Amino acid sequence: MIPENRSKADANPTKAFFVRMITRDITLEDCIFDLIDNSIDGAWELAGGQPMSLDDNTDLSPYRISINVQNDGFLIQDNCGGITLDDAADYAFTFGRKDTAETENFSIGVYGIGMKRAVFKIGSDITIHSTFIDEGKPSSFCVPIKVDEWLTSKSEDWDFDIEAAPDLPSAGVKIQISNLTEVALRSFESPRFIQNLRRSISRDYALHLHRGLAIEVQGKPVSGWAIELRQGGDFLPMRATFTEQIQDEDVHVELLAGMAAAPPDSSEPSDDFDDALNRSGWYVVCNGRIVLAADKTSVTGWGTEGWPQWHPQYSGFMGLIVFASRRADLLPLTTTKRSVDETSAVYRQFRPKMRDATKEWISYTNARKQVRVEAVKREEFTKSVPIFEIVPRAEVALPRIAPTPKIPEANVLYSVPKARMLKLASALGNINMAYKDVGIQSFEYTYSDLVGEE
Ligand SMILES: Nc1ncnc2c1ncn2[C@@H]1O[C@H](COP(=O)(O)OP(=O)(O)OP(=O)(O)O)[C@@H](O)[C@H]1O
Ligand SMILES: [Mg+2]
C-alpha cells in the first residue's frame with residue numbers, strides 16, 4: 001500500500017532550475033533583441049498591424065527605442081504604447097503563452113518567454129515600468145522583480161507583484177536592470193560588445209529602421225543597413241511573391257535573389273571582398289525581423305541534396321526569403337529568433353525555389369572563371385538597387401557567358417642565320433620587324449601559296 005502522502009512524485013520545476021534553463025542557450029545580444037522585438041510588436045500594432053511586405057509603407061517614425069548599458073546597469077525604454085494592466089496581470093508575465101492567449105497581429109513574439117528570459121539573463125534587480133492609455137488617460141504600474149528573493153521565497157506561487165508607479169513621459173515600457181549577471185557585466189564594459197550590438201541592430205532591424213523606427217544605443221541612433229541587389233544589363237534579380245494557406249490562415253512569402261556584389265577576384269583579395277563575403281548568403285525574415293543573416297550553412301540548403309557546400313567562389317550572392325503572417329506561430333521562428341525552424345512546413349516548401357535561385361548563381365560563377373574579362377565587363381552595367389525597388393520577376397537572370405571553345409594550337413621554334421632573317425625582314429618591307437612577325441608572315445605567305453585561302 002502506498003501511503004496517502006506518498007502517492008505523488010513531485011515533478012514541479014524549481015524556480016532556480018527554470019531560470020537557469022531558459023537563459024542558458026541564448027546569447028546576451030539575442031536577449032536584448034527580445035526586448036527590442038517586444039517594443040516593435042507594440043509599435044507595429046499601433047501603426048496598423050498589417051503583414052509586413054517589402055512594399056508596405058507603414059510609418060514607424062513616431063516610435064523610438066533607446067538602450068543604455070553601463071558598468072552597473074541596463075536600461076531600455078520605448079514609446080510603443082506600453083503593456084496594459086490587464087495584460088500584465090493575465091499574461092505578459094506568465095512563462096510561456098497560455099493556450100487561450102490571442103496571437104497578436106503580425107507580431108514577432110509568439111512563445112511568451114522572451115521578456116522574462118531577457119531580464120533574467122541581464123541581472124537580478126529588475127523593474128518593468130509601463131504607462132498605457134486607459135480610456136483616453138495615461139495609467140501606469142511597475143513590476144519590480146528581485147530575482148534572488150523570488151528564487152529563495154518559500155511561496156509556491158511564481159507571481160510577481162504589480163505596484164503603482166508614476167507616468168512615463170509617453171505611453172511605453174521602461175525596463176531597468178541592475179545587479180548585473182556575470183555575462184552582462186563582462187559584456188557591457190567591452191566597447192566591442194556595444195559596437196557589435198549596433199551592427200547587429202543595423203542589420204537585423206533593417207526593415208523597421210527603413211520605415212523610420214528610431215533605435216538608439218548609448219544615446220546615438222543606429223542607421224539601418226541598406227539591403228541592395230545589383231540590377232542592370234543581363235543581371236536581373238528575382239523578386240516573386242506567393243501566398244500560402246496554412247490552417248486557414250494566409251502566410252505571405254516574398255523571395256528575392258541575385259547579385260549583391262561582383263564575385264571575388266581570388267588573385268587580389270581586398271576589404272571589399274571581405275565585406276561581400278560577410279554579407280553573402282541567404283537571409284530569412286519573419287514578420288519583419290531578420291532571424292537568419294548571410295547564412296552559408298545547411299540551414300538554408302547549402303551542402304544538402306542537389307546543392308553544393310558554400311564556397312568563397314559564390315561570394316556576391318544574396319537571397320532573401322520574407323515570411324509574414326498574422327499568426328507568428330505559423331512562421332519558421334525559433335524561440336531565440338536567431339535561426340529558422342527547419343522542420344517548418346512552409347519553410348520546407350520554399351527550399352526548392354531557394355535552391356534553384358542559388359544554382360543559377362553557382363553556374364554563373366563557374367562560367368565566369370573561364371571568361372572573366374567578358375563577365376567583368378557585363379557586371380559593370382549593373383547598379384545597386386534597394387530591395388524595395390527591385391522589379392518583380394519570377395526567376396533570377398544572369399548573363400549566359402559560355403567560354404569560347406579552344407582551337408588546338410601548334411608552336412613553332414627554329415633557328416636561322418641572322419643575316420638571312422634580316423634579309424627576309426627587309427624583303428617583307430621592314431628590316432626592324434620582330435623575328436616572330438617575320439615567321440608569321442612567311443607562314444601566311446607559304447600557306448596561301450600552297451594551301452590557298454580558307
Ligand atoms: N515593450 C513592450 N511594449 C508593449 N508590450 C510589451 C512590451 N514588452 C512586453 N510586452 C507584452 O508582454 C508580452 C510578453 O512578452 P514576451 O517577450 O515574454 O513574450 P512574447 O513576445 O509574447 O513571445 P516571445 O517569447 O516569442 O517573445 C508580450 O506579448 C506583450 O504583450
Ligand atoms: Mg517577445
# chains A, B, ... in the order shown; residues from 1 in each chain; ligands from 1
>>> residues_near_ligand(ligand="ligand 1", cutoff="9 Å", atoms="only C-alpha atoms and all ligand atoms", output="PyMOL selection string")
chain A and resi 34-43+65+76-84+87-88+91-97+103-104+107-118+128+130+132+172-175+328-329+333-337
>>> select_by_dssp(residues="stretch 275-453 of chain A", states="helix (DSSP H, G or I)", output="PyMOL selection string")
chain A and resi 275-279+298-300+312-314+328-330+345-370+372-379+387-389+418-427+435-450
>>> closest_residue(among="A:Asp134, A:Asp90, A:Thr14, A:Glu389", to="A:Asp56", atoms="only C-alpha atoms")
A:Glu389
>>> atom_distance(atom1="atom CA of A:Glu254", atom2="atom CA of A:Ala324")
8.8 Å
>>> residues_around(residues="A:Leu292", least_positions_apart="2", cutoff="8 Å", atoms="only C-alpha atoms", output="list in words")
Trp282, Tyr283, Val284, Val285, Ile290, Ala294, Asp295, Arg338, Ser339 and Val340 of chain A
>>> write_last_selection(atoms="N, CA and C atoms", output="short mmCIF file (atom, residue, chain, number, x, y, z; two decimals), in the first residue's frame")
data_model
loop_
_atom_site.label_atom_id
_atom_site.label_comp_id
_atom_site.auth_asym_id
_atom_site.auth_seq_id
_atom_site.Cartn_x
_atom_site.Cartn_y
_atom_site.Cartn_z
N TRP A 282 22.11 33.50 -47.61
CA TRP A 282 20.66 33.62 -47.50
C TRP A 282 20.23 34.35 -46.24
N TYR A 283 19.16 35.11 -46.37
CA TYR A 283 18.57 35.84 -45.25
C TYR A 283 17.13 35.35 -45.09
N VAL A 284 16.73 35.12 -43.85
CA VAL A 284 15.35 34.71 -43.60
C VAL A 284 14.70 35.77 -42.70
N VAL A 285 13.56 36.26 -43.14
CA VAL A 285 12.87 37.32 -42.41
C VAL A 285 11.50 36.80 -41.98
N ILE A 290 14.84 40.10 -39.32
CA ILE A 290 15.81 39.20 -39.94
C ILE A 290 16.27 38.22 -38.86
N ALA A 294 22.93 36.22 -43.83
CA ALA A 294 24.13 35.79 -44.57
C ALA A 294 24.45 34.33 -44.30
N ASP A 295 23.44 33.50 -44.33
CA ASP A 295 23.66 32.09 -43.97
C ASP A 295 24.30 31.32 -45.12
N ARG A 338 16.88 33.47 -33.69
CA ARG A 338 18.23 33.57 -34.21
C ARG A 338 18.53 32.50 -35.25
N SER A 339 17.51 31.80 -35.67
CA SER A 339 17.70 30.80 -36.71
C SER A 339 16.32 30.47 -37.23
N VAL A 340 16.22 29.47 -38.09
CA VAL A 340 14.89 29.08 -38.53
C VAL A 340 14.62 27.64 -38.13
#
>>> residues_around(residues="A:Arg279", least_positions_apart="2", cutoff="10 Å", atoms="only C-alpha atoms", output="ChimeraX atom specification")
/A:203,227,260-261,273-277,281-283,293-295,315-318
>>> closest_residue(among="A:Ser280, A:Ser344, A:Gln313, A:Ser223", to="A:Tyr364", atoms="only C-alpha atoms")
A:Gln313
>>> closest_residue(among="A:Glu374, A:Asp72, A:Glu216, A:Asp159", to="A:Val147", atoms="only C-alpha atoms")
A:Asp159
>>> residues_around(residues="A:Asp55", least_positions_apart="3", cutoff="12 Å", atoms="only C-alpha atoms", output="VMD selection string")
chain A and resid 50 to 52 58 207 210 to 211 239 241 254 288 322 386 to 392
>>> decode(residues="stretch 118-161 of chain A", atoms="N, CA and C atoms", output="PDB file, in the first residue's frame")
ATOM      1  N   ALA A 118      14.972  37.415 -21.041  1.00  0.00           N
ATOM      2  CA  ALA A 118      15.929  38.508 -21.245  1.00  0.00           C
ATOM      3  C   ALA A 118      16.311  39.175 -19.925  1.00  0.00           C
ATOM      4  N   VAL A 119      15.311  39.517 -19.113  1.00  0.00           N
ATOM      5  CA  VAL A 119      15.645  40.249 -17.886  1.00  0.00           C
ATOM      6  C   VAL A 119      16.447  39.362 -16.926  1.00  0.00           C
ATOM      7  N   PHE A 120      16.125  38.088 -16.876  1.00  0.00           N
ATOM      8  CA  PHE A 120      16.886  37.181 -16.003  1.00  0.00           C
ATOM      9  C   PHE A 120      18.333  37.045 -16.480  1.00  0.00           C
ATOM     10  N   LYS A 121      18.512  37.059 -17.786  1.00  0.00           N
ATOM     11  CA  LYS A 121      19.870  36.903 -18.339  1.00  0.00           C
ATOM     12  C   LYS A 121      20.723  38.124 -17.998  1.00  0.00           C
ATOM     13  N   ILE A 122      20.058  39.286 -17.894  1.00  0.00           N
ATOM     14  CA  ILE A 122      20.823  40.533 -17.724  1.00  0.00           C
ATOM     15  C   ILE A 122      21.174  40.819 -16.257  1.00  0.00           C
ATOM     16  N   GLY A 123      20.237  40.620 -15.364  1.00  0.00           N
ATOM     17  CA  GLY A 123      20.566  40.966 -13.973  1.00  0.00           C
ATOM     18  C   GLY A 123      19.532  40.470 -12.993  1.00  0.00           C
ATOM     19  N   SER A 124      19.715  40.832 -11.712  1.00  0.00           N
ATOM     20  CA  SER A 124      18.830  40.263 -10.706  1.00  0.00           C
ATOM     21  C   SER A 124      18.000  41.312  -9.970  1.00  0.00           C
ATOM     22  N   ASP A 125      18.168  42.571 -10.339  1.00  0.00           N
ATOM     23  CA  ASP A 125      17.336  43.601  -9.737  1.00  0.00           C
ATOM     24  C   ASP A 125      16.617  44.325 -10.880  1.00  0.00           C
ATOM     25  N   ILE A 126      15.364  43.964 -11.085  1.00  0.00           N
ATOM     26  CA  ILE A 126      14.670  44.339 -12.327  1.00  0.00           C
ATOM     27  C   ILE A 126      13.428  45.171 -12.011  1.00  0.00           C
ATOM     28  N   THR A 127      13.201  46.229 -12.788  1.00  0.00           N
ATOM     29  CA  THR A 127      11.920  46.933 -12.676  1.00  0.00           C
ATOM     30  C   THR A 127      11.340  47.116 -14.071  1.00  0.00           C
ATOM     31  N   ILE A 128      10.147  46.615 -14.245  1.00  0.00           N
ATOM     32  CA  ILE A 128       9.457  46.800 -15.532  1.00  0.00           C
ATOM     33  C   ILE A 128       8.332  47.796 -15.284  1.00  0.00           C
ATOM     34  N   HIS A 129       8.434  48.903 -15.956  1.00  0.00           N
ATOM     35  CA  HIS A 129       7.549  50.031 -15.699  1.00  0.00           C
ATOM     36  C   HIS A 129       6.767  50.290 -16.985  1.00  0.00           C
ATOM     37  N   SER A 130       5.442  50.405 -16.862  1.00  0.00           N
ATOM     38  CA  SER A 130       4.661  50.611 -18.082  1.00  0.00           C
ATOM     39  C   SER A 130       3.655  51.742 -17.907  1.00  0.00           C
ATOM     40  N   THR A 131       3.518  52.542 -18.945  1.00  0.00           N
ATOM     41  CA  THR A 131       2.453  53.544 -18.991  1.00  0.00           C
ATOM     42  C   THR A 131       1.625  53.236 -20.234  1.00  0.00           C
ATOM     43  N   PHE A 132       0.315  53.132 -20.054  1.00  0.00           N
ATOM     44  CA  PHE A 132      -0.564  52.810 -21.197  1.00  0.00           C
ATOM     45  C   PHE A 132      -1.754  53.762 -21.149  1.00  0.00           C
ATOM     46  N   ILE A 133      -2.462  53.835 -22.242  1.00  0.00           N
ATOM     47  CA  ILE A 133      -3.612  54.758 -22.285  1.00  0.00           C
ATOM     48  C   ILE A 133      -4.874  53.964 -21.950  1.00  0.00           C
ATOM     49  N   ASP A 134      -5.517  54.409 -20.867  1.00  0.00           N
ATOM     50  CA  ASP A 134      -6.713  53.722 -20.394  1.00  0.00           C
ATOM     51  C   ASP A 134      -7.872  54.714 -20.459  1.00  0.00           C
ATOM     52  N   GLU A 135      -8.836  54.433 -21.326  1.00  0.00           N
ATOM     53  CA  GLU A 135      -9.963  55.342 -21.561  1.00  0.00           C
ATOM     54  C   GLU A 135      -9.488  56.775 -21.769  1.00  0.00           C
ATOM     55  N   GLY A 136      -8.501  56.919 -22.662  1.00  0.00           N
ATOM     56  CA  GLY A 136      -8.027  58.247 -23.036  1.00  0.00           C
ATOM     57  C   GLY A 136      -7.031  58.875 -22.075  1.00  0.00           C
ATOM     58  N   LYS A 137      -6.797  58.232 -20.930  1.00  0.00           N
ATOM     59  CA  LYS A 137      -5.869  58.848 -19.958  1.00  0.00           C
ATOM     60  C   LYS A 137      -4.695  57.912 -19.672  1.00  0.00           C
ATOM     61  N   PRO A 138      -3.507  58.513 -19.428  1.00  0.00           N
ATOM     62  CA  PRO A 138      -2.377  57.632 -19.096  1.00  0.00           C
ATOM     63  C   PRO A 138      -2.551  56.961 -17.741  1.00  0.00           C
ATOM     64  N   SER A 139      -2.154  55.745 -17.655  1.00  0.00           N
ATOM     65  CA  SER A 139      -2.227  54.988 -16.424  1.00  0.00           C
ATOM     66  C   SER A 139      -0.936  54.161 -16.339  1.00  0.00           C
ATOM     67  N   SER A 140      -0.444  53.932 -15.129  1.00  0.00           N
ATOM     68  CA  SER A 140       0.883  53.317 -15.020  1.00  0.00           C
ATOM     69  C   SER A 140       0.975  52.293 -13.903  1.00  0.00           C
ATOM     70  N   PHE A 141       1.926  51.440 -14.029  1.00  0.00           N
ATOM     71  CA  PHE A 141       2.235  50.476 -12.949  1.00  0.00           C
ATOM     72  C   PHE A 141       3.683  50.041 -13.132  1.00  0.00           C
ATOM     73  N   CYS A 142       4.215  49.390 -12.112  1.00  0.00           N
ATOM     74  CA  CYS A 142       5.517  48.772 -12.325  1.00  0.00           C
ATOM     75  C   CYS A 142       5.560  47.405 -11.657  1.00  0.00           C
ATOM     76  N   VAL A 143       6.426  46.574 -12.193  1.00  0.00           N
ATOM     77  CA  VAL A 143       6.594  45.225 -11.653  1.00  0.00           C
ATOM     78  C   VAL A 143       8.062  45.086 -11.253  1.00  0.00           C
ATOM     79  N   PRO A 144       8.343  45.217  -9.950  1.00  0.00           N
ATOM     80  CA  PRO A 144       9.735  45.021  -9.524  1.00  0.00           C
ATOM     81  C   PRO A 144      10.008  43.538  -9.327  1.00  0.00           C
ATOM     82  N   ILE A 145      11.134  43.082  -9.813  1.00  0.00           N
ATOM     83  CA  ILE A 145      11.483  41.665  -9.612  1.00  0.00           C
ATOM     84  C   ILE A 145      12.865  41.601  -8.969  1.00  0.00           C
ATOM     85  N   LYS A 146      12.875  41.159  -7.735  1.00  0.00           N
ATOM     86  CA  LYS A 146      14.176  40.921  -7.070  1.00  0.00           C
ATOM     87  C   LYS A 146      14.420  39.425  -7.210  1.00  0.00           C
ATOM     88  N   VAL A 147      15.257  39.080  -8.156  1.00  0.00           N
ATOM     89  CA  VAL A 147      15.365  37.668  -8.540  1.00  0.00           C
ATOM     90  C   VAL A 147      15.793  36.775  -7.367  1.00  0.00           C
ATOM     91  N   ASP A 148      16.784  37.241  -6.595  1.00  0.00           N
ATOM     92  CA  ASP A 148      17.283  36.386  -5.500  1.00  0.00           C
ATOM     93  C   ASP A 148      16.188  36.095  -4.485  1.00  0.00           C
ATOM     94  N   GLU A 149      15.433  37.146  -4.142  1.00  0.00           N
ATOM     95  CA  GLU A 149      14.336  36.944  -3.171  1.00  0.00           C
ATOM     96  C   GLU A 149      13.271  36.016  -3.754  1.00  0.00           C
ATOM     97  N   TRP A 150      12.979  36.242  -5.027  1.00  0.00           N
ATOM     98  CA  TRP A 150      11.944  35.433  -5.690  1.00  0.00           C
ATOM     99  C   TRP A 150      12.348  33.965  -5.725  1.00  0.00           C
ATOM    100  N   LEU A 151      13.652  33.743  -5.982  1.00  0.00           N
ATOM    101  CA  LEU A 151      14.133  32.356  -6.060  1.00  0.00           C
ATOM    102  C   LEU A 151      14.078  31.668  -4.702  1.00  0.00           C
ATOM    103  N   THR A 152      14.407  32.440  -3.634  1.00  0.00           N
ATOM    104  CA  THR A 152      14.510  31.794  -2.328  1.00  0.00           C
ATOM    105  C   THR A 152      13.194  31.806  -1.552  1.00  0.00           C
ATOM    106  N   SER A 153      12.212  32.589  -2.037  1.00  0.00           N
ATOM    107  CA  SER A 153      10.966  32.673  -1.272  1.00  0.00           C
ATOM    108  C   SER A 153      10.309  31.293  -1.199  1.00  0.00           C
ATOM    109  N   LYS A 154       9.756  31.027  -0.057  1.00  0.00           N
ATOM    110  CA  LYS A 154       9.189  29.690   0.171  1.00  0.00           C
ATOM    111  C   LYS A 154       7.866  29.511  -0.584  1.00  0.00           C
ATOM    112  N   SER A 155       7.333  30.661  -1.003  1.00  0.00           N
ATOM    113  CA  SER A 155       5.990  30.594  -1.593  1.00  0.00           C
ATOM    114  C   SER A 155       5.989  29.746  -2.866  1.00  0.00           C
ATOM    115  N   GLU A 156       4.946  28.981  -3.039  1.00  0.00           N
ATOM    116  CA  GLU A 156       4.832  28.093  -4.179  1.00  0.00           C
ATOM    117  C   GLU A 156       4.478  28.860  -5.446  1.00  0.00           C
ATOM    118  N   ASP A 157       3.795  29.999  -5.218  1.00  0.00           N
ATOM    119  CA  ASP A 157       3.362  30.677  -6.445  1.00  0.00           C
ATOM    120  C   ASP A 157       4.517  31.469  -7.051  1.00  0.00           C
ATOM    121  N   TRP A 158       4.467  31.607  -8.373  1.00  0.00           N
ATOM    122  CA  TRP A 158       5.567  32.204  -9.116  1.00  0.00           C
ATOM    123  C   TRP A 158       5.260  33.656  -9.491  1.00  0.00           C
ATOM    124  N   ASP A 159       4.153  34.196  -8.971  1.00  0.00           N
ATOM    125  CA  ASP A 159       3.703  35.524  -9.411  1.00  0.00           C
ATOM    126  C   ASP A 159       4.649  36.641  -8.988  1.00  0.00           C
ATOM    127  N   PHE A 160       4.558  37.742  -9.726  1.00  0.00           N
ATOM    128  CA  PHE A 160       5.277  38.968  -9.359  1.00  0.00           C
ATOM    129  C   PHE A 160       4.234  39.993  -8.939  1.00  0.00           C
ATOM    130  N   ASP A 161       4.632  40.894  -8.042  1.00  0.00           N
ATOM    131  CA  ASP A 161       3.678  41.923  -7.604  1.00  0.00           C
ATOM    132  C   ASP A 161       3.634  43.077  -8.590  1.00  0.00           C
TER     133      ASP A 161
END
